[in-house]
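K.L.:
Structure file query_4.pdb, PDB, C-alpha atoms and all ligand atoms, is pasted below:
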ATOM      1  CA  MET A  18     -42.496  25.444  65.853
ATOM      2  CA  ILE A  19     -41.863  23.464  62.647
ATOM      3  CA  LYS A  20     -45.155  24.751  61.216
ATOM      4  CA  ASP A  21     -44.160  28.374  62.065
ATOM      5  CA  MET A  22     -40.803  27.962  60.373
ATOM      6  CA  GLN A  23     -42.421  26.377  57.334
ATOM      7  CA  ALA A  24     -44.917  29.269  57.125
ATOM      8  CA  GLU A  25     -42.074  31.807  57.264
ATOM      9  CA  ILE A  26     -40.192  29.887  54.539
ATOM     10  CA  LEU A  27     -43.268  29.845  52.302
ATOM     11  CA  ARG A  28     -43.815  33.586  52.866
ATOM     12  CA  LEU A  29     -40.185  34.433  52.003
ATOM     13  CA  LYS A  30     -40.252  32.047  49.043
ATOM     14  CA  GLU A  31     -43.195  33.967  47.568
ATOM     15  CA  GLN A  32     -41.681  37.345  48.366
ATOM     16  CA  LYS A  33     -38.338  36.471  46.757
ATOM     17  CA  ASN A  34     -39.839  34.404  43.943
ATOM     18  CA  ALA A  35     -37.555  31.530  44.902
ATOM     19  CA  CYS A  36     -37.744  27.901  43.845
ATOM     20  CA  ILE A  37     -36.934  25.294  46.506
ATOM     21  CA  LEU A  38     -35.678  21.989  45.100
ATOM     22  CA  ALA A  39     -35.341  18.984  47.404
ATOM     23  CA  HIS A  40     -33.747  15.624  46.754
ATOM     24  CA  SER A  41     -35.844  12.645  47.861
ATOM     25  CA  TYR A  42     -33.426  12.018  50.752
ATOM     26  CA  MET A  43     -34.534  15.216  52.490
ATOM     27  CA  SER A  44     -36.655  14.916  55.599
ATOM     28  CA  GLU A  45     -40.430  15.365  55.544
ATOM     29  CA  ASP A  46     -40.371  18.917  57.000
ATOM     30  CA  ILE A  47     -38.287  20.015  53.983
ATOM     31  CA  THR A  48     -40.135  18.114  51.254
ATOM     32  CA  GLU A  49     -43.388  19.677  52.547
ATOM     33  CA  ILE A  50     -42.177  23.209  51.685
ATOM     34  CA  ALA A  51     -40.302  22.301  48.488
ATOM     35  CA  ASP A  52     -41.633  23.250  45.055
ATOM     36  CA  PHE A  53     -40.303  19.989  43.747
ATOM     37  CA  THR A  54     -38.884  16.778  45.237
ATOM     38  CA  GLY A  55     -37.323  14.061  43.115
ATOM     39  CA  ASP A  56     -34.332  12.003  42.084
ATOM     40  CA  SER A  57     -31.178  13.492  40.561
ATOM     41  CA  TYR A  58     -32.447  13.243  36.994
ATOM     42  CA  ALA A  59     -35.768  14.947  37.736
ATOM     43  CA  LEU A  60     -34.006  17.684  39.730
ATOM     44  CA  ALA A  61     -31.654  18.387  36.810
ATOM     45  CA  VAL A  62     -34.539  18.685  34.347
ATOM     46  CA  LYS A  63     -36.634  20.776  36.754
ATOM     47  CA  ALA A  64     -33.686  23.097  37.375
ATOM     48  CA  LYS A  65     -33.445  23.806  33.667
ATOM     49  CA  GLN A  66     -37.179  24.363  33.178
ATOM     50  CA  ASP A  67     -38.124  26.475  36.192
ATOM     51  CA  PRO A  68     -38.302  30.192  35.316
ATOM     52  CA  ARG A  69     -37.507  31.541  38.809
ATOM     53  CA  SER A  70     -34.121  33.230  39.174
ATOM     54  CA  LEU A  71     -33.376  32.132  42.757
ATOM     55  CA  VAL A  72     -32.987  28.417  43.534
ATOM     56  CA  ILE A  73     -32.441  26.934  46.994
ATOM     57  CA  MET A  74     -31.024  23.425  46.659
ATOM     58  CA  CYS A  75     -31.789  21.058  49.513
ATOM     59  CA  GLY A  76     -29.414  18.252  48.659
ATOM     60  CA  VAL A  77     -25.679  17.809  48.218
ATOM     61  CA  ARG A  78     -23.178  20.029  46.412
ATOM     62  CA  PHE A  79     -23.129  18.317  43.013
ATOM     63  CA  MET A  80     -26.910  18.851  42.790
ATOM     64  CA  ALA A  81     -26.536  22.612  43.317
ATOM     65  CA  GLU A  82     -23.675  22.653  40.804
ATOM     66  CA  THR A  83     -25.900  20.905  38.272
ATOM     67  CA  VAL A  84     -28.505  23.668  38.606
ATOM     68  CA  LYS A  85     -25.820  26.337  38.145
ATOM     69  CA  ILE A  86     -24.321  24.514  35.156
ATOM     70  CA  LEU A  87     -27.702  24.357  33.423
ATOM     71  CA  SER A  88     -28.931  27.807  34.468
ATOM     72  CA  PRO A  89     -25.920  30.112  34.845
ATOM     73  CA  SER A  90     -27.992  33.273  35.155
ATOM     74  CA  LYS A  91     -29.800  31.916  38.229
ATOM     75  CA  LYS A  92     -28.620  32.480  41.773
ATOM     76  CA  VAL A  93     -28.225  28.983  43.218
ATOM     77  CA  ILE A  94     -27.879  28.562  46.976
ATOM     78  CA  LEU A  95     -26.732  25.250  48.453
ATOM     79  CA  ALA A  96     -28.761  25.214  51.693
ATOM     80  CA  ASN A  97     -25.930  23.664  53.739
ATOM     81  CA  PRO A  98     -22.419  24.261  52.341
ATOM     82  CA  ALA A  99     -21.045  21.256  54.261
ATOM     83  CA  ALA A 100     -23.332  18.807  52.436
ATOM     84  CA  GLY A 101     -21.109  17.086  49.882
ATOM     85  CA  CYS A 102     -21.323  13.667  48.294
ATOM     86  CA  PRO A 103     -18.167  11.669  49.195
ATOM     87  CA  MET A 104     -18.419   9.713  45.932
ATOM     88  CA  ALA A 105     -18.347  12.945  43.929
ATOM     89  CA  GLU A 106     -14.942  13.764  45.441
ATOM     90  CA  GLN A 107     -13.343  10.355  44.819
ATOM     91  CA  MET A 108     -11.896  11.120  41.356
ATOM     92  CA  ASP A 109     -10.726  14.324  39.753
ATOM     93  CA  ALA A 110     -10.259  15.572  36.193
ATOM     94  CA  GLU A 111      -6.466  15.048  36.247
ATOM     95  CA  LEU A 112      -6.826  11.368  37.171
ATOM     96  CA  ILE A 113      -9.467  10.699  34.520
ATOM     97  CA  THR A 114      -7.463  12.573  31.870
ATOM     98  CA  GLU A 115      -4.591  10.157  32.600
ATOM     99  CA  VAL A 116      -6.892   7.094  32.581
ATOM    100  CA  LYS A 117      -8.410   8.213  29.252
ATOM    101  CA  LYS A 118      -4.961   8.021  27.653
ATOM    102  CA  ARG A 119      -4.948   4.299  28.438
ATOM    103  CA  TYR A 120      -8.375   3.808  26.851
ATOM    104  CA  PRO A 121      -8.325   5.763  23.592
ATOM    105  CA  GLY A 122     -11.676   5.804  21.815
ATOM    106  CA  TYR A 123     -13.656   5.087  25.016
ATOM    107  CA  ALA A 124     -16.544   7.436  25.792
ATOM    108  CA  VAL A 125     -16.313   8.743  29.350
ATOM    109  CA  VAL A 126     -19.707   8.287  31.000
ATOM    110  CA  ALA A 127     -19.869  10.094  34.334
ATOM    111  CA  TYR A 128     -22.454   9.536  37.035
ATOM    112  CA  ILE A 129     -24.023  12.883  37.930
ATOM    113  CA  ASN A 130     -22.586  12.350  41.447
ATOM    114  CA  THR A 131     -19.339  14.025  40.312
ATOM    115  CA  THR A 132     -17.887  17.519  40.654
ATOM    116  CA  ALA A 133     -18.356  20.148  37.929
ATOM    117  CA  GLN A 134     -14.618  19.941  37.345
ATOM    118  CA  LEU A 135     -14.772  16.179  36.681
ATOM    119  CA  LYS A 136     -17.723  16.640  34.323
ATOM    120  CA  THR A 137     -15.499  18.793  32.098
ATOM    121  CA  VAL A 138     -13.675  15.623  30.960
ATOM    122  CA  ALA A 139     -16.813  13.500  30.543
ATOM    123  CA  ASP A 140     -18.574  12.861  27.250
ATOM    124  CA  TYR A 141     -21.931  11.930  28.753
ATOM    125  CA  CYS A 142     -23.515  12.331  32.153
ATOM    126  CA  VAL A 143     -25.984   9.797  33.609
ATOM    127  CA  THR A 144     -28.110   9.423  36.720
ATOM    128  CA  SER A 145     -29.227   6.169  38.290
ATOM    129  CA  SER A 146     -32.563   6.430  36.454
ATOM    130  CA  SER A 147     -31.114   7.321  33.051
ATOM    131  CA  ALA A 148     -27.830   5.344  32.944
ATOM    132  CA  VAL A 149     -29.093   2.207  31.188
ATOM    133  CA  LYS A 150     -31.018   4.161  28.560
ATOM    134  CA  ILE A 151     -28.117   6.499  27.833
ATOM    135  CA  CYS A 152     -25.424   3.805  27.671
ATOM    136  CA  ARG A 153     -27.636   1.938  25.181
ATOM    137  CA  ALA A 154     -28.331   5.083  23.145
ATOM    138  CA  ILE A 155     -24.850   6.527  22.706
ATOM    139  CA  PRO A 156     -23.067   5.588  19.483
ATOM    140  CA  GLU A 157     -19.809   4.550  21.169
ATOM    141  CA  LYS A 158     -19.338   0.833  21.897
ATOM    142  CA  ASN A 159     -16.567   1.309  24.478
ATOM    143  CA  ILE A 160     -17.457   3.051  27.745
ATOM    144  CA  LEU A 161     -15.239   4.233  30.596
ATOM    145  CA  PHE A 162     -17.823   4.485  33.387
ATOM    146  CA  ILE A 163     -16.914   6.703  36.374
ATOM    147  CA  PRO A 164     -16.883   6.781  39.383
ATOM    148  CA  ASP A 165     -19.386   4.234  40.751
ATOM    149  CA  ILE A 166     -18.318   0.631  40.160
ATOM    150  CA  ASN A 167     -21.664  -0.665  41.451
ATOM    151  CA  LEU A 168     -23.894   1.477  39.239
ATOM    152  CA  GLY A 169     -21.431   0.747  36.409
ATOM    153  CA  SER A 170     -21.642  -3.023  36.839
ATOM    154  CA  TYR A 171     -25.464  -2.841  37.082
ATOM    155  CA  VAL A 172     -25.533  -0.983  33.731
ATOM    156  CA  GLN A 173     -22.981  -3.413  32.285
ATOM    157  CA  ARG A 174     -25.273  -6.368  33.121
ATOM    158  CA  LEU A 175     -28.207  -4.698  31.326
ATOM    159  CA  VAL A 176     -26.222  -3.422  28.344
ATOM    160  CA  PRO A 177     -24.143  -6.489  27.361
ATOM    161  CA  GLU A 178     -23.684  -5.232  23.805
ATOM    162  CA  LYS A 179     -21.204  -2.559  25.023
ATOM    163  CA  ASN A 180     -17.683  -2.892  26.499
ATOM    164  CA  PHE A 181     -17.299  -1.301  29.909
ATOM    165  CA  LYS A 182     -14.209  -0.273  31.808
ATOM    166  CA  LEU A 183     -15.114   0.409  35.438
ATOM    167  CA  LEU A 184     -13.106   2.223  38.089
ATOM    168  CA  SER A 185     -13.413   1.461  41.773
ATOM    169  CA  GLY A 186     -15.394   4.370  43.222
ATOM    170  CA  GLY A 187     -18.703   4.088  45.014
ATOM    171  CA  CYS A 188     -21.170   5.356  47.568
ATOM    172  CA  PRO A 189     -19.995   4.647  51.112
ATOM    173  CA  THR A 190     -23.599   4.549  52.339
ATOM    174  CA  HIS A 191     -24.979   2.002  49.868
ATOM    175  CA  ALA A 192     -21.812  -0.026  49.197
ATOM    176  CA  ARG A 193     -21.446  -1.111  52.800
ATOM    177  CA  ILE A 194     -24.650  -3.175  52.684
ATOM    178  CA  THR A 195     -23.797  -6.869  52.295
ATOM    179  CA  PRO A 196     -25.656  -9.665  50.472
ATOM    180  CA  GLN A 197     -25.909 -11.422  53.873
ATOM    181  CA  GLU A 198     -27.846  -8.433  55.250
ATOM    182  CA  ALA A 199     -30.152  -8.563  52.244
ATOM    183  CA  GLN A 200     -30.736 -12.296  52.772
ATOM    184  CA  ALA A 201     -31.373 -11.766  56.497
ATOM    185  CA  ALA A 202     -33.890  -8.963  55.795
ATOM    186  CA  LYS A 203     -35.729 -11.193  53.305
ATOM    187  CA  LYS A 204     -35.829 -13.998  55.880
ATOM    188  CA  ALA A 205     -37.177 -11.610  58.530
ATOM    189  CA  HIS A 206     -39.882 -10.316  56.154
ATOM    190  CA  PRO A 207     -40.724 -13.222  53.850
ATOM    191  CA  ASP A 208     -43.766 -11.495  52.301
ATOM    192  CA  ALA A 209     -41.889  -8.300  51.457
ATOM    193  CA  LEU A 210     -40.372  -7.319  48.124
ATOM    194  CA  LEU A 211     -36.781  -6.048  48.247
ATOM    195  CA  LEU A 212     -36.278  -2.738  46.381
ATOM    196  CA  VAL A 213     -32.687  -1.499  46.080
ATOM    197  CA  HIS A 214     -30.687   1.363  44.603
ATOM    198  CA  PRO A 215     -28.081   0.383  41.961
ATOM    199  CA  GLU A 216     -25.361   1.954  44.131
ATOM    200  CA  CYS A 217     -25.595  -1.281  46.183
ATOM    201  CA  VAL A 218     -23.059  -4.038  45.436
ATOM    202  CA  ALA A 219     -23.927  -6.661  42.802
ATOM    203  CA  GLY A 220     -24.564  -9.351  45.455
ATOM    204  CA  VAL A 221     -27.250  -7.143  47.072
ATOM    205  CA  CYS A 222     -28.782  -6.282  43.674
ATOM    206  CA  ARG A 223     -28.989 -10.022  42.900
ATOM    207  CA  GLU A 224     -31.273 -10.478  45.917
ATOM    208  CA  ALA A 225     -33.593  -7.638  44.804
ATOM    209  CA  ASP A 226     -37.061  -7.755  43.249
ATOM    210  CA  TYR A 227     -36.582  -4.254  41.846
ATOM    211  CA  ILE A 228     -33.503  -2.068  41.233
ATOM    212  CA  GLY A 229     -33.950   1.644  40.580
ATOM    213  CA  SER A 230     -33.378   5.265  41.500
ATOM    214  CA  THR A 231     -34.870   6.836  44.611
ATOM    215  CA  SER A 232     -37.946   7.942  42.613
ATOM    216  CA  GLY A 233     -38.076   4.587  40.843
ATOM    217  CA  ILE A 234     -38.218   2.779  44.189
ATOM    218  CA  MET A 235     -40.993   5.103  45.414
ATOM    219  CA  GLU A 236     -43.015   4.670  42.233
ATOM    220  CA  PHE A 237     -42.611   0.898  42.306
ATOM    221  CA  ALA A 238     -43.823   0.704  45.924
ATOM    222  CA  ALA A 239     -46.734   3.062  45.160
ATOM    223  CA  LYS A 240     -47.980   1.035  42.191
ATOM    224  CA  SER A 241     -47.306  -2.478  43.487
ATOM    225  CA  PRO A 242     -50.305  -4.431  44.788
ATOM    226  CA  LYS A 243     -47.957  -5.939  47.410
ATOM    227  CA  ARG A 244     -48.197  -4.598  50.969
ATOM    228  CA  GLU A 245     -44.678  -5.077  52.366
ATOM    229  CA  PHE A 246     -41.343  -3.786  51.122
ATOM    230  CA  ILE A 247     -37.730  -3.813  52.289
ATOM    231  CA  ILE A 248     -36.119  -0.551  51.186
ATOM    232  CA  GLY A 249     -32.486  -0.757  50.084
ATOM    233  CA  THR A 250     -31.691   2.914  49.858
ATOM    234  CA  GLU A 251     -31.336   5.859  52.247
ATOM    235  CA  ASN A 252     -33.748   5.455  55.148
ATOM    236  CA  SER A 253     -35.591   8.729  54.509
ATOM    237  CA  ILE A 254     -37.339   6.842  51.691
ATOM    238  CA  VAL A 255     -38.741   4.423  54.291
ATOM    239  CA  GLN A 256     -40.197   7.417  56.130
ATOM    240  CA  HIS A 257     -41.667   9.109  53.016
ATOM    241  CA  LEU A 258     -43.292   5.868  51.880
ATOM    242  CA  SER A 259     -44.656   5.119  55.357
ATOM    243  CA  PHE A 260     -46.352   8.543  55.459
ATOM    244  CA  ALA A 261     -47.658   8.281  51.899
ATOM    245  CA  PHE A 262     -48.976   4.713  52.158
ATOM    246  CA  PRO A 263     -49.970   4.006  55.777
ATOM    247  CA  GLN A 264     -51.765   0.823  54.680
ATOM    248  CA  LYS A 265     -48.426  -0.653  53.480
ATOM    249  CA  ARG A 266     -45.375  -1.661  55.543
ATOM    250  CA  PHE A 267     -41.834  -0.492  54.753
ATOM    251  CA  TYR A 268     -38.745  -1.937  56.437
ATOM    252  CA  PRO A 269     -35.193  -0.503  56.183
ATOM    253  CA  LEU A 270     -32.736  -2.983  54.674
ATOM    254  CA  SER A 271     -30.249  -1.692  57.247
ATOM    255  CA  LYS A 272     -30.319   0.847  60.062
ATOM    256  CA  ASP A 273     -26.978   2.056  58.659
ATOM    257  CA  LEU A 274     -28.466   3.188  55.337
ATOM    258  CA  VAL A 275     -28.121   6.836  56.317
ATOM    259  CA  CYS A 276     -26.390   9.469  54.188
ATOM    260  CA  HIS A 277     -24.919  11.781  56.802
ATOM    261  CA  ASN A 278     -24.263  14.429  54.165
ATOM    262  CA  MET A 279     -27.858  14.632  53.029
ATOM    263  CA  LYS A 280     -28.896  14.627  56.670
ATOM    264  CA  LEU A 281     -26.889  17.822  57.305
ATOM    265  CA  VAL A 282     -29.565  19.866  55.537
ATOM    266  CA  THR A 283     -32.167  21.144  58.015
ATOM    267  CA  LEU A 284     -35.266  23.321  57.888
ATOM    268  CA  PRO A 285     -33.416  26.196  59.672
ATOM    269  CA  ASP A 286     -30.782  25.986  56.899
ATOM    270  CA  VAL A 287     -33.502  26.560  54.306
ATOM    271  CA  LEU A 288     -34.833  29.556  56.228
ATOM    272  CA  ALA A 289     -31.336  31.033  56.643
ATOM    273  CA  ALA A 290     -30.623  30.539  52.927
ATOM    274  CA  LEU A 291     -33.822  32.374  51.985
ATOM    275  CA  LYS A 292     -33.028  35.220  54.398
ATOM    276  CA  GLY A 293     -29.581  35.581  52.822
ATOM    277  CA  GLU A 294     -28.020  34.637  56.162
ATOM    278  CA  GLY A 295     -26.811  31.130  55.333
ATOM    279  CA  GLY A 296     -26.124  28.627  52.611
ATOM    280  CA  GLU A 297     -23.588  29.102  49.838
ATOM    281  CA  ASP A 298     -24.022  31.011  46.612
ATOM    282  CA  VAL A 299     -22.611  28.441  44.157
ATOM    283  CA  VAL A 300     -20.120  30.013  41.775
ATOM    284  CA  LEU A 301     -18.451  28.270  38.834
ATOM    285  CA  ASP A 302     -15.952  29.840  36.479
ATOM    286  CA  GLU A 303     -17.369  30.055  32.954
ATOM    287  CA  PRO A 304     -14.903  27.674  31.217
ATOM    288  CA  THR A 305     -15.667  24.961  33.813
ATOM    289  CA  ARG A 306     -19.414  25.588  33.695
ATOM    290  CA  SER A 307     -19.707  25.528  29.927
ATOM    291  CA  ALA A 308     -17.477  22.459  29.560
ATOM    292  CA  ALA A 309     -19.416  20.615  32.293
ATOM    293  CA  ALA A 310     -22.725  21.544  30.642
ATOM    294  CA  VAL A 311     -21.960  19.487  27.510
ATOM    295  CA  CYS A 312     -22.312  16.060  29.152
ATOM    296  CA  ILE A 313     -25.432  17.052  31.148
ATOM    297  CA  GLU A 314     -27.164  18.555  28.105
ATOM    298  CA  ARG A 315     -26.437  15.320  26.211
ATOM    299  CA  MET A 316     -27.999  13.320  29.046
ATOM    300  CA  ILE A 317     -31.154  15.428  28.953
ATOM    301  CA  ALA A 318     -31.362  15.184  25.168
ATOM    302  CA  LEU A 319     -30.948  11.374  25.242
ATOM    303  CA  GLY A 320     -32.733  10.597  28.487
ATOM    304  CA  GLY A 321     -36.038  12.373  28.143
TER     305      GLY A 321
HETATM  306  P1  LIG B 401     -30.985   9.243  42.683
HETATM  307  O1  LIG B 401     -30.601   9.766  41.360
HETATM  308  O2  LIG B 401     -31.582   7.880  42.644
HETATM  309  O3  LIG B 401     -31.853  10.219  43.388
HETATM  310  O4  LIG B 401     -29.670   9.025  43.550
HETATM  311  C1  LIG B 401     -28.942  10.053  44.092
HETATM  312  C2  LIG B 401     -28.072   9.591  45.145
HETATM  313  O5  LIG B 401     -27.204  10.280  45.602
HETATM  314  C3  LIG B 401     -28.278   8.229  45.609
HETATM  315  O6  LIG B 401     -27.409   7.922  46.602
HETATM  316 FE1  LIG B 402     -23.496  10.490  47.791
HETATM  317 FE2  LIG B 402     -24.153   8.070  48.654
HETATM  318 FE3  LIG B 402     -25.036  10.220  49.955
HETATM  319 FE4  LIG B 402     -26.013   9.586  47.547
HETATM  320  S1  LIG B 402     -26.210   8.402  49.453
HETATM  321  S2  LIG B 402     -25.366  11.612  48.238
HETATM  322  S3  LIG B 402     -24.156   8.771  46.543
HETATM  323  S4  LIG B 402     -22.877   9.560  49.745
END
Go ahead and express the file in the form of C-alpha cells.

P.N.:
Amino acid sequence: MIKDMQAEILRLKEQKNACILAHSYMSEDITEIADFTGDSYALAVKAKQDPRSLVIMCGVRFMAETVKILSPSKKVILANPAAGCPMAEQMDAELITEVKKRYPGYAVVAYINTTAQLKTVADYCVTSSSAVKICRAIPEKNILFIPDINLGSYVQRLVPEKNFKLLSGGCPTHARITPQEAQAAKKAHPDALLLVHPECVAGVCREADYIGSTSGIMEFAAKSPKREFIIGTENSIVQHLSFAFPQKRFYPLSKDLVCHNMKLVTLPDVLAALKGEGGEDVVLDEPTRSAAAVCIERMIALGG
C-alpha cells in the first residue's frame, strides 16, 4: 500500500516535473520519495537552486514561505495547510517594530522559524545551523534576536563579543524538556552521547555532548565512533538514525519530543498535492515577499 502510493507519487513527480522537499522531521515514507531532505538552512538553499517550477514542501508553513520568497515564479504547495510552526506565530511585525524603537541601532536577527510578514522587519535571517556564523559575521555589535530565547542564548554564549537582546519566544516541543530529564537519560544510558537541538533550554544544552541543527545531529551521529546516542530533538530523527545505522543505538531524550505540526504531513497529503487535489498554493503579496527576501538572501550570502 505504502509502496504503491510512493510509486504513484514518483510517477506524478516525473510527469509534472515537480521537486519534493522534505524537512528532516518528516517520516521515513516521505523522505524516501523526496528529492531532498535536510535542515531549514539546506532546504532554503536547495529551494533557490532547484530549476523545477513546481515545489511540494513537506514541512511547516514558514518553510514553504521561504521557498516562495526565494523563488517567486515557482508554484509552491504546502503539502498540509494545517502544518504551522507555533513559534513562527508568536511575534508579529507590529510588535517587533515597537520593540525596535526601544533598541535603536540594534540589528534584528530573525530565526527562519518566523512568518514572511515578520521577516519584513528583520535585518538578517538565521537558521539553527547558521546562527552562530551569521551573528559573528554581521558588522553590527548589538543584536535583537527573535523569537527563540533558547537559540538566542545559545548563540549569545558562543558569540560573547556581541550584545544580545533576547525576547521570550520558543519552541513548545523542545523547550518543555527539562535538565532533570537530560540527567535522567544520561544516567539510564551512561555510554551514550547526548546530542541536542539549540531550541532546548540552556540547562539541557549544558548537559549535551553536541548541540546542533537536525542535520548537524545526524551528521555527528553518523561520523562518531561511539555506538550509543540520546537524541534531544524531534523523535523522527531517532527513527531515521536507527534505520541508517542499525549497528548503533539511538534513544529519545523524551517520548514527548514530538512536533505535532510536522507530524500532520502524511504520504496521502503529498499525493493529493501532486494531483492538485490538496495542499495549499502559497501566495505572498509582492511587497511582503520582496521585503522578506532581503534578510534570507543576506543569510545565504553570509552563511554559505
Ligand atoms: P533545523 O533548522 O535544525 O532543521 O530546525 C528546524 C526546526 O523547526 C527545529 O525545531
Ligand atoms: Fe516549530 Fe518546534 Fe515544530 Fe520546529 S519542532 S517546527 S520549532 S514547533

K.L.:
Can you tell me, as JSON, the centre and edge lengths (Å, one decimal) of the axis-aligned box enclosing all of stretch 61-70 of chain A's listed atoms after padding each side by 4 Å?

P.N.:
{"center_x": -35.0, "center_y": 25.8, "center_z": 36.2, "size_x": 14.6, "size_y": 22.8, "size_z": 14.0}

K.L.:
List as a PDB file with C-alpha atoms, in the coordinates of the input the protein and nucleic acid residues lying within 10 Å of ligand LIG 402 (chain B), with only C-alpha atoms and all ligand atoms counted.

P.N.:
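Listed below is the output, pocket.pdb:
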ATOM      1  CA  HIS A  40     -33.747  15.624  46.754  1.00  0.00           C
ATOM      2  CA  TYR A  42     -33.426  12.018  50.752  1.00  0.00           C
ATOM      3  CA  SER A  57     -31.178  13.492  40.561  1.00  0.00           C
ATOM      4  CA  GLY A  76     -29.414  18.252  48.659  1.00  0.00           C
ATOM      5  CA  VAL A  77     -25.679  17.809  48.218  1.00  0.00           C
ATOM      6  CA  ARG A  78     -23.178  20.029  46.412  1.00  0.00           C
ATOM      7  CA  PHE A  79     -23.129  18.317  43.013  1.00  0.00           C
ATOM      8  CA  MET A  80     -26.910  18.851  42.790  1.00  0.00           C
ATOM      9  CA  ALA A 100     -23.332  18.807  52.436  1.00  0.00           C
ATOM     10  CA  GLY A 101     -21.109  17.086  49.882  1.00  0.00           C
ATOM     11  CA  CYS A 102     -21.323  13.667  48.294  1.00  0.00           C
ATOM     12  CA  PRO A 103     -18.167  11.669  49.195  1.00  0.00           C
ATOM     13  CA  MET A 104     -18.419   9.713  45.932  1.00  0.00           C
ATOM     14  CA  ALA A 105     -18.347  12.945  43.929  1.00  0.00           C
ATOM     15  CA  GLU A 106     -14.942  13.764  45.441  1.00  0.00           C
ATOM     16  CA  TYR A 128     -22.454   9.536  37.035  1.00  0.00           C
ATOM     17  CA  ILE A 129     -24.023  12.883  37.930  1.00  0.00           C
ATOM     18  CA  ASN A 130     -22.586  12.350  41.447  1.00  0.00           C
ATOM     19  CA  THR A 131     -19.339  14.025  40.312  1.00  0.00           C
ATOM     20  CA  ASP A 165     -19.386   4.234  40.751  1.00  0.00           C
ATOM     21  CA  GLY A 187     -18.703   4.088  45.014  1.00  0.00           C
ATOM     22  CA  CYS A 188     -21.170   5.356  47.568  1.00  0.00           C
ATOM     23  CA  PRO A 189     -19.995   4.647  51.112  1.00  0.00           C
ATOM     24  CA  THR A 190     -23.599   4.549  52.339  1.00  0.00           C
ATOM     25  CA  HIS A 191     -24.979   2.002  49.868  1.00  0.00           C
ATOM     26  CA  ALA A 192     -21.812  -0.026  49.197  1.00  0.00           C
ATOM     27  CA  HIS A 214     -30.687   1.363  44.603  1.00  0.00           C
ATOM     28  CA  GLU A 216     -25.361   1.954  44.131  1.00  0.00           C
ATOM     29  CA  CYS A 217     -25.595  -1.281  46.183  1.00  0.00           C
ATOM     30  CA  THR A 231     -34.870   6.836  44.611  1.00  0.00           C
ATOM     31  CA  THR A 250     -31.691   2.914  49.858  1.00  0.00           C
ATOM     32  CA  GLU A 251     -31.336   5.859  52.247  1.00  0.00           C
ATOM     33  CA  ASN A 252     -33.748   5.455  55.148  1.00  0.00           C
ATOM     34  CA  LEU A 274     -28.466   3.188  55.337  1.00  0.00           C
ATOM     35  CA  VAL A 275     -28.121   6.836  56.317  1.00  0.00           C
ATOM     36  CA  CYS A 276     -26.390   9.469  54.188  1.00  0.00           C
ATOM     37  CA  HIS A 277     -24.919  11.781  56.802  1.00  0.00           C
ATOM     38  CA  ASN A 278     -24.263  14.429  54.165  1.00  0.00           C
ATOM     39  CA  MET A 279     -27.858  14.632  53.029  1.00  0.00           C
ATOM     40  CA  LYS A 280     -28.896  14.627  56.670  1.00  0.00           C
TER      41      LYS A 280
END

K.L.:
Using 6 Å as the limit and counting all atoms listed in the file, can you tabulate each residue of chain A that touches ligand LIG 401 (chain B), with its shortest atom-to-atom distance in Å and the two atoms involved, as JSON lines?

P.N.:
{"residue": "A:Asp56", "atom": "CA", "partner": "B:LIG401", "partner_atom": "O3", "distance": 3.3}
{"residue": "A:Ser57", "atom": "CA", "partner": "B:LIG401", "partner_atom": "O1", "distance": 3.9}
{"residue": "A:Tyr58", "atom": "CA", "partner": "B:LIG401", "partner_atom": "O1", "distance": 5.9}
{"residue": "A:Thr144", "atom": "CA", "partner": "B:LIG401", "partner_atom": "O1", "distance": 5.3}
{"residue": "A:Ser145", "atom": "CA", "partner": "B:LIG401", "partner_atom": "O1", "distance": 4.9}
{"residue": "A:Ser230", "atom": "CA", "partner": "B:LIG401", "partner_atom": "O2", "distance": 3.4}
{"residue": "A:Thr231", "atom": "CA", "partner": "B:LIG401", "partner_atom": "O2", "distance": 4.0}

K.L.:
Just the selected residues (C-alpha atoms), exported as a PDB file, keeping the file's coordinate frame, please.

P.N.:
ATOM      1  CA  ASP A  56     -34.332  12.003  42.084  1.00  0.00           C
ATOM      2  CA  SER A  57     -31.178  13.492  40.561  1.00  0.00           C
ATOM      3  CA  TYR A  58     -32.447  13.243  36.994  1.00  0.00           C
ATOM      4  CA  THR A 144     -28.110   9.423  36.720  1.00  0.00           C
ATOM      5  CA  SER A 145     -29.227   6.169  38.290  1.00  0.00           C
ATOM      6  CA  SER A 230     -33.378   5.265  41.500  1.00  0.00           C
ATOM      7  CA  THR A 231     -34.870   6.836  44.611  1.00  0.00           C
TER       8      THR A 231
END

K.L.:
What's the 12 Å shell around A:Pro242, counting all atoms listed in the file, without same-chain residues fewer than 2 positions away, as a PyMOL selection string?

P.N.:
chain A and resi 209-210+236-240+244-246+262+264-265

K.L.:
Write the residues of the selection above to a file with C-alpha atoms, as a PDB file, in the frame of the given file.

P.N.:
ATOM      1  CA  ALA A 209     -41.889  -8.300  51.457  1.00  0.00           C
ATOM      2  CA  LEU A 210     -40.372  -7.319  48.124  1.00  0.00           C
ATOM      3  CA  GLU A 236     -43.015   4.670  42.233  1.00  0.00           C
ATOM      4  CA  PHE A 237     -42.611   0.898  42.306  1.00  0.00           C
ATOM      5  CA  ALA A 238     -43.823   0.704  45.924  1.00  0.00           C
ATOM      6  CA  ALA A 239     -46.734   3.062  45.160  1.00  0.00           C
ATOM      7  CA  LYS A 240     -47.980   1.035  42.191  1.00  0.00           C
ATOM      8  CA  ARG A 244     -48.197  -4.598  50.969  1.00  0.00           C
ATOM      9  CA  GLU A 245     -44.678  -5.077  52.366  1.00  0.00           C
ATOM     10  CA  PHE A 246     -41.343  -3.786  51.122  1.00  0.00           C
ATOM     11  CA  PHE A 262     -48.976   4.713  52.158  1.00  0.00           C
ATOM     12  CA  GLN A 264     -51.765   0.823  54.680  1.00  0.00           C
ATOM     13  CA  LYS A 265     -48.426  -0.653  53.480  1.00  0.00           C
TER      14      LYS A 265
END

K.L.:
So which residues get picked by the PyMOL selection byres (((chain A and resi 318) around 12) and not hetatm) here, written as a list in words?

P.N.:
Val62, Tyr141, Cys142, Val143, Ser147, Lys150, Ile151, Ala154, Ile155, Val311, Cys312, Ile313, Glu314, Arg315, Met316, Ile317, Leu319, Gly320 and Gly321 of chain A
